[in-house]
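Undergrad: This is the content of protein13.cif (mmCIF, C-alpha atoms):
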```
data_query
loop_
_atom_site.group_PDB
_atom_site.id
_atom_site.type_symbol
_atom_site.label_atom_id
_atom_site.label_comp_id
_atom_site.auth_asym_id
_atom_site.auth_seq_id
_atom_site.Cartn_x
_atom_site.Cartn_y
_atom_site.Cartn_z
ATOM 1 C CA MET A 99 41.625 -40.744 14.408
ATOM 2 C CA ILE A 100 44.577 -39.461 16.432
ATOM 3 C CA GLY A 101 43.106 -35.991 16.109
ATOM 4 C CA SER A 102 39.863 -36.989 17.795
ATOM 5 C CA ILE A 103 41.752 -38.746 20.608
ATOM 6 C CA VAL A 104 43.698 -35.522 21.279
ATOM 7 C CA VAL A 105 40.438 -33.529 21.181
ATOM 8 C CA LEU A 106 38.861 -35.992 23.630
ATOM 9 C CA ALA A 107 41.781 -35.533 26.040
ATOM 10 C CA GLY A 108 41.422 -31.749 25.787
ATOM 11 C CA ALA A 109 37.665 -31.900 26.408
ATOM 12 C CA ALA A 110 38.233 -34.139 29.440
ATOM 13 C CA LEU A 111 40.733 -31.599 30.814
ATOM 14 C CA THR A 112 38.201 -28.791 30.313
ATOM 15 C CA LEU A 113 35.602 -30.793 32.255
ATOM 16 C CA LEU A 114 38.163 -31.460 35.016
ATOM 17 C CA SER A 115 38.869 -27.743 35.311
ATOM 18 C CA ALA A 116 35.115 -27.058 35.545
ATOM 19 C CA ILE A 117 34.799 -29.636 38.329
ATOM 20 C CA GLY A 118 37.688 -27.927 40.092
ATOM 21 C CA VAL A 119 36.029 -24.514 39.740
ATOM 22 C CA VAL A 120 32.880 -25.911 41.355
ATOM 23 C CA ARG A 121 34.501 -28.002 44.086
ATOM 24 C CA PHE A 122 37.487 -25.954 45.289
ATOM 25 C CA PRO A 123 36.909 -23.872 48.422
ATOM 26 C CA GLU A 124 38.440 -20.508 47.520
ATOM 27 C CA VAL A 125 38.944 -18.024 44.685
ATOM 28 C CA MET A 126 42.667 -18.643 44.281
ATOM 29 C CA ALA A 127 42.208 -22.410 44.167
ATOM 30 C CA ARG A 128 39.387 -22.088 41.616
ATOM 31 C CA MET A 129 41.511 -19.820 39.463
ATOM 32 C CA HIS A 130 44.373 -22.300 39.685
ATOM 33 C CA SER A 131 42.088 -25.063 38.444
ATOM 34 C CA LEU A 132 40.702 -22.960 35.582
ATOM 35 C CA THR A 133 44.044 -21.622 34.393
ATOM 36 C CA LYS A 134 46.217 -24.712 34.393
ATOM 37 C CA ALA A 135 43.748 -27.332 33.213
ATOM 38 C CA SER A 136 41.871 -25.140 30.728
ATOM 39 C CA THR A 137 45.009 -23.805 29.041
ATOM 40 C CA LEU A 138 46.310 -27.300 28.367
ATOM 41 C CA GLY A 139 42.826 -28.496 27.398
ATOM 42 C CA TYR A 140 42.288 -25.683 24.898
ATOM 43 C CA ALA A 141 45.757 -26.207 23.406
ATOM 44 C CA LEU A 142 45.098 -29.935 22.987
ATOM 45 C CA VAL A 143 41.678 -29.296 21.404
ATOM 46 C CA SER A 144 43.066 -26.757 18.945
ATOM 47 C CA ILE A 145 45.911 -29.093 17.943
ATOM 48 C CA GLY A 146 43.492 -31.999 17.514
ATOM 49 C CA VAL A 147 41.066 -29.899 15.451
ATOM 50 C CA ALA A 148 43.944 -28.633 13.283
ATOM 51 C CA LEU A 149 44.953 -32.270 12.663
ATOM 52 C CA GLN A 150 41.404 -33.134 11.553
ATOM 53 C CA LEU A 151 40.817 -30.166 9.237
ATOM 54 C CA SER A 152 42.011 -30.661 5.671
ATOM 55 C CA ASN A 153 42.026 -26.978 4.693
ATOM 56 C CA THR A 154 45.325 -25.344 5.689
ATOM 57 C CA ASN A 155 43.660 -21.976 6.225
ATOM 58 C CA ASP A 156 41.204 -23.453 8.733
ATOM 59 C CA ALA A 157 43.902 -25.475 10.502
ATOM 60 C CA THR A 158 46.115 -22.434 11.045
ATOM 61 C CA THR A 159 43.123 -20.443 12.351
ATOM 62 C CA ALA A 160 42.469 -23.171 14.931
ATOM 63 C CA LEU A 161 46.143 -23.108 15.934
ATOM 64 C CA LEU A 162 45.978 -19.297 16.217
ATOM 65 C CA ALA A 163 43.055 -19.592 18.634
ATOM 66 C CA GLY A 164 45.043 -22.091 20.707
ATOM 67 C CA ALA A 165 48.169 -19.917 20.750
ATOM 68 C CA LEU A 166 46.190 -16.834 21.779
ATOM 69 C CA GLN A 167 44.536 -18.762 24.602
ATOM 70 C CA ILE A 168 47.931 -20.022 25.844
ATOM 71 C CA VAL A 169 49.194 -16.432 25.970
ATOM 72 C CA THR A 170 46.117 -14.714 27.420
ATOM 73 C CA LEU A 171 44.627 -17.147 29.965
ATOM 74 C CA PRO A 172 47.581 -17.056 32.429
ATOM 75 C CA LEU A 173 47.761 -13.262 32.024
ATOM 76 C CA ALA A 174 44.075 -12.888 32.845
ATOM 77 C CA ALA A 175 44.460 -15.173 35.852
ATOM 78 C CA ASN A 176 47.397 -13.091 37.063
ATOM 79 C CA LEU A 177 45.356 -9.873 36.807
ATOM 80 C CA ILE A 178 42.338 -11.356 38.595
ATOM 81 C CA GLY A 179 44.533 -12.946 41.267
ATOM 82 C CA ARG A 180 46.284 -9.653 41.934
ATOM 83 C CA ALA A 181 43.002 -7.749 42.166
ATOM 84 C CA THR A 182 41.523 -10.387 44.485
ATOM 85 C CA HIS A 183 44.618 -10.322 46.680
ATOM 86 C CA LEU A 184 44.455 -6.541 47.010
ATOM 87 C CA THR A 185 40.742 -6.420 47.861
ATOM 88 C CA GLU A 186 39.810 -9.602 49.701
ATOM 89 C CA GLY A 187 43.067 -11.291 50.680
ATOM 90 C CA THR A 188 43.389 -15.049 50.721
ATOM 91 C CA ARG A 189 42.427 -17.663 53.277
ATOM 92 C CA ILE A 190 44.986 -20.236 52.164
ATOM 93 C CA GLU A 191 48.052 -20.164 54.404
ATOM 94 C CA ALA A 192 51.158 -20.009 52.262
ATOM 95 C CA ILE A 193 54.141 -17.819 51.492
ATOM 96 C CA ASP A 194 52.703 -14.415 50.557
ATOM 97 C CA GLU A 195 55.345 -12.562 48.550
ATOM 98 C CA LEU A 196 52.939 -9.962 47.188
ATOM 99 C CA ALA A 197 51.968 -8.840 50.713
ATOM 100 C CA GLU A 198 55.653 -8.649 51.716
ATOM 101 C CA ALA A 199 56.485 -6.599 48.622
ATOM 102 C CA ARG A 200 53.633 -4.174 49.338
ATOM 103 C CA GLU A 201 54.807 -3.921 52.963
ATOM 104 C CA ARG A 202 58.312 -3.004 51.812
ATOM 105 C CA GLN A 203 56.923 -0.484 49.348
ATOM 106 C CA ARG A 204 54.856 1.166 52.069
ATOM 107 C CA ASP A 205 57.828 1.389 54.449
ATOM 108 C CA ALA A 206 60.229 2.738 51.828
ATOM 109 C CA PRO A 207 60.870 6.500 52.091
ATOM 110 C CA GLY A 208 59.373 8.704 49.410
ATOM 111 C CA MET B 150 33.384 -40.185 19.868
ATOM 112 C CA THR B 151 32.082 -36.760 18.806
ATOM 113 C CA ILE B 152 28.975 -37.019 20.960
ATOM 114 C CA VAL B 153 31.165 -37.852 23.977
ATOM 115 C CA ILE B 154 33.302 -34.759 23.335
ATOM 116 C CA TYR B 155 30.191 -32.583 23.024
ATOM 117 C CA GLY B 156 28.837 -34.093 26.258
ATOM 118 C CA LEU B 157 32.042 -33.408 28.201
ATOM 119 C CA LEU B 158 32.184 -29.790 27.016
ATOM 120 C CA CYS B 159 28.489 -29.131 27.704
ATOM 121 C CA ALA B 160 28.893 -30.587 31.209
ATOM 122 C CA ALA B 161 31.853 -28.252 31.768
ATOM 123 C CA PHE B 162 29.757 -25.310 30.540
ATOM 124 C CA VAL B 163 26.929 -26.183 32.940
ATOM 125 C CA LEU B 164 29.365 -26.467 35.875
ATOM 126 C CA PHE B 165 30.847 -23.051 35.059
ATOM 127 C CA THR B 166 27.309 -21.649 34.891
ATOM 128 C CA TYR B 167 26.629 -23.046 38.371
ATOM 129 C CA ARG B 168 29.685 -21.230 39.750
ATOM 130 C CA LEU B 169 28.661 -18.033 37.933
ATOM 131 C CA GLY B 170 25.299 -18.058 39.666
ATOM 132 C CA ARG B 171 26.582 -19.195 43.050
ATOM 133 C CA GLY B 172 29.358 -16.634 43.491
ATOM 134 C CA PRO B 173 30.030 -15.792 46.261
ATOM 135 C CA THR B 174 32.520 -13.033 45.327
ATOM 136 C CA LEU B 175 32.869 -11.034 42.120
ATOM 137 C CA SER B 176 36.203 -12.739 41.405
ATOM 138 C CA ASP B 177 34.474 -16.134 41.477
ATOM 139 C CA ARG B 178 32.001 -14.949 38.896
ATOM 140 C CA VAL B 179 34.752 -13.552 36.666
ATOM 141 C CA VAL B 180 36.616 -16.867 36.855
ATOM 142 C CA ALA B 181 33.407 -18.717 35.964
ATOM 143 C CA LEU B 182 32.695 -16.363 33.040
ATOM 144 C CA ASP B 183 36.230 -16.864 31.733
ATOM 145 C CA GLY B 184 35.720 -20.612 31.954
ATOM 146 C CA MET B 185 32.423 -20.356 30.065
ATOM 147 C CA LEU B 186 34.172 -18.469 27.252
ATOM 148 C CA VAL B 187 36.885 -21.136 27.158
ATOM 149 C CA ALA B 188 34.288 -23.912 26.988
ATOM 150 C CA GLY B 189 32.317 -22.043 24.314
ATOM 151 C CA GLY B 190 35.407 -21.462 22.182
ATOM 152 C CA THR B 191 36.297 -25.133 22.524
ATOM 153 C CA LEU B 192 32.777 -26.061 21.370
ATOM 154 C CA VAL B 193 33.212 -23.866 18.269
ATOM 155 C CA LEU B 194 36.520 -25.600 17.487
ATOM 156 C CA VAL B 195 35.004 -29.079 17.950
ATOM 157 C CA ASP B 196 32.065 -28.115 15.735
ATOM 158 C CA ALA B 197 34.489 -27.034 12.994
ATOM 159 C CA ALA B 198 36.253 -30.403 13.176
ATOM 160 C CA ASP B 199 32.900 -32.237 13.263
ATOM 161 C CA THR B 200 31.405 -30.583 10.178
ATOM 162 C CA GLY B 201 34.698 -30.016 8.333
ATOM 163 C CA ASP B 202 33.650 -26.404 7.755
ATOM 164 C CA GLY B 203 35.997 -23.787 9.185
ATOM 165 C CA SER B 204 33.785 -20.736 8.595
ATOM 166 C CA TYR B 205 33.209 -20.166 12.303
ATOM 167 C CA LEU B 206 36.810 -20.613 13.484
ATOM 168 C CA MET B 207 37.296 -16.844 13.641
ATOM 169 C CA VAL B 208 34.557 -16.817 16.286
ATOM 170 C CA ALA B 209 36.810 -18.959 18.506
ATOM 171 C CA VAL B 210 39.688 -16.496 18.039
ATOM 172 C CA MET B 211 37.413 -13.561 18.880
ATOM 173 C CA LEU B 212 36.013 -15.343 21.957
ATOM 174 C CA THR B 213 39.589 -15.759 23.208
ATOM 175 C CA LEU B 214 40.319 -12.055 22.803
ATOM 176 C CA VAL B 215 36.991 -10.963 24.305
ATOM 177 C CA GLY B 216 37.602 -13.248 27.299
ATOM 178 C CA PHE B 217 41.004 -11.766 27.967
ATOM 179 C CA ILE B 218 39.985 -8.129 27.534
ATOM 180 C CA SER B 219 36.842 -8.449 29.656
ATOM 181 C CA THR B 220 38.764 -10.198 32.430
ATOM 182 C CA ALA B 221 41.452 -7.503 32.406
ATOM 183 C CA VAL B 222 38.844 -4.737 32.553
ATOM 184 C CA ILE B 223 36.948 -6.350 35.444
ATOM 185 C CA ALA B 224 40.239 -6.900 37.315
ATOM 186 C CA ARG B 225 40.928 -3.175 36.978
ATOM 187 C CA PHE B 226 37.427 -2.501 38.243
ATOM 188 C CA ILE B 227 37.900 -4.729 41.299
ATOM 189 C CA GLU B 228 41.246 -3.077 42.074
ATOM 190 C CA GLY B 229 39.845 0.422 41.728
ATOM 191 C CA ARG B 230 36.818 -0.334 43.902
ATOM 192 C CA SER B 231 39.002 -1.108 46.939
ATOM 193 C CA GLU B 232 40.609 2.343 47.124
#
```
Could you take the file, read its structure, and then write that structure out as structure tokens?
TA:
Amino acid sequence: MIGSIVVLAGAALTLLSAIGVVRFPEVMARMHSLTKASTLGYALVSIGVALQLSNTNDATTALLAGALQIVTLPLAANLIGRATHLTEGTRIEAIDELAEARERQRDAPG
Amino acid sequence: MTIVIYGLLCAAFVLFTYRLGRGPTLSDRVVALDGMLVAGGTLVLVDAADTGDGSYLMVAVMLTLVGFISTAVIARFIEGRSE
């Protein structure tokens, strides 16, 4: 019972991240929505599924999927965000440390 | 309860598909594709809990890895295209 409640919360978070990906105005904002909400949603779903499965082998496989997603989803978002920043820039006005770092690198001798 | 969970995840999948078709940039499509893989992997996990059969759980693990590797490769591609 508690397992299915946790799974329901995770599924709701996944839907929220999808709504954010559709509604947000810009690539960075969409990526923010996907990464934060989906990572937590996937982790919750994998924990809830592991609670419901009786076979230990299956439960640990579900937890492995969740752990891998926690590690890889922020990494993938970082890579895509960096590539987007280098090619298209961003419209959102905020502190832009990556642009400053690239400026310094360009000005540095050698 | 299970049908509600399936409904939420399928709605998320459809919304990601909308963003994949709409674009407008390549990065948007990559984000949408990543989200579709997340939603699909979640559906596999929920199916395993629903049927009590964990035969397909390895598919969820593989979907996670494929999502990460494909996103990393496309990010490299986007970076290389600008120079």
Undergrad: Between A:Glu195, A:Arg200, A:Met99, A:Ile168, which has the minimum distance to Phe217 in chain B (counting only C-alpha atoms)?
TA: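 The answer is A:Ile168, which sits nearest to Phe217 in chain B.
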Undergrad: Enumerate, as an MDAnalysis selection string, the residues matched when the PyMOL selection byres ((chain B) within 7 of (chain A)) is run on the file above.
TA: chainID B and resid 154 157:158 160:161 164:165 168 176:177 180 184 191 194:195 198 201 203 206:207 209:210 213 217 220:221 224 227:228 231
Undergrad: Quick one: axis-aligned box around all listed atoms of range 152-164 of chain B, 3 Å on every side, centre and edge lengths in Å to one decimal, written as lines of an AutoDock Vina configuration file.
TA:
```
center_x = 30.1
center_y = -31.6
center_z = 28.4
size_x = 12.4
size_y = 18.5
size_z = 20.9
```
Undergrad: Which residues are close to Cys159 in chain B, i.e. within 9 Å by all atoms listed in the file, leaving aside same-chain residues fewer than 3 positions away? Reply as a PyMOL selection string.
TA: (chain A and resi 113) or (chain B and resi 154-156+162-164+188-189+192)
Undergrad: For CA of Leu182 in chain B and CA of Thr151 in chain B, determine how far apart the two atoms are, in Å to one decimal place.
TA: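 Interatomic distance, CA of Leu182 in chain B to CA of Thr151 in chain B: 24.9 Å.
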Undergrad: What's the separation between CA of Thr174 in chain B and CA of Val222 in chain B, in Å to one decimal place?
TA: 16.5 Å
Undergrad: Tell me, in Å to one decimal, how far CA of Val179 in chain B is from CA of Pro123 in chain A.
TA: 15.8 Å
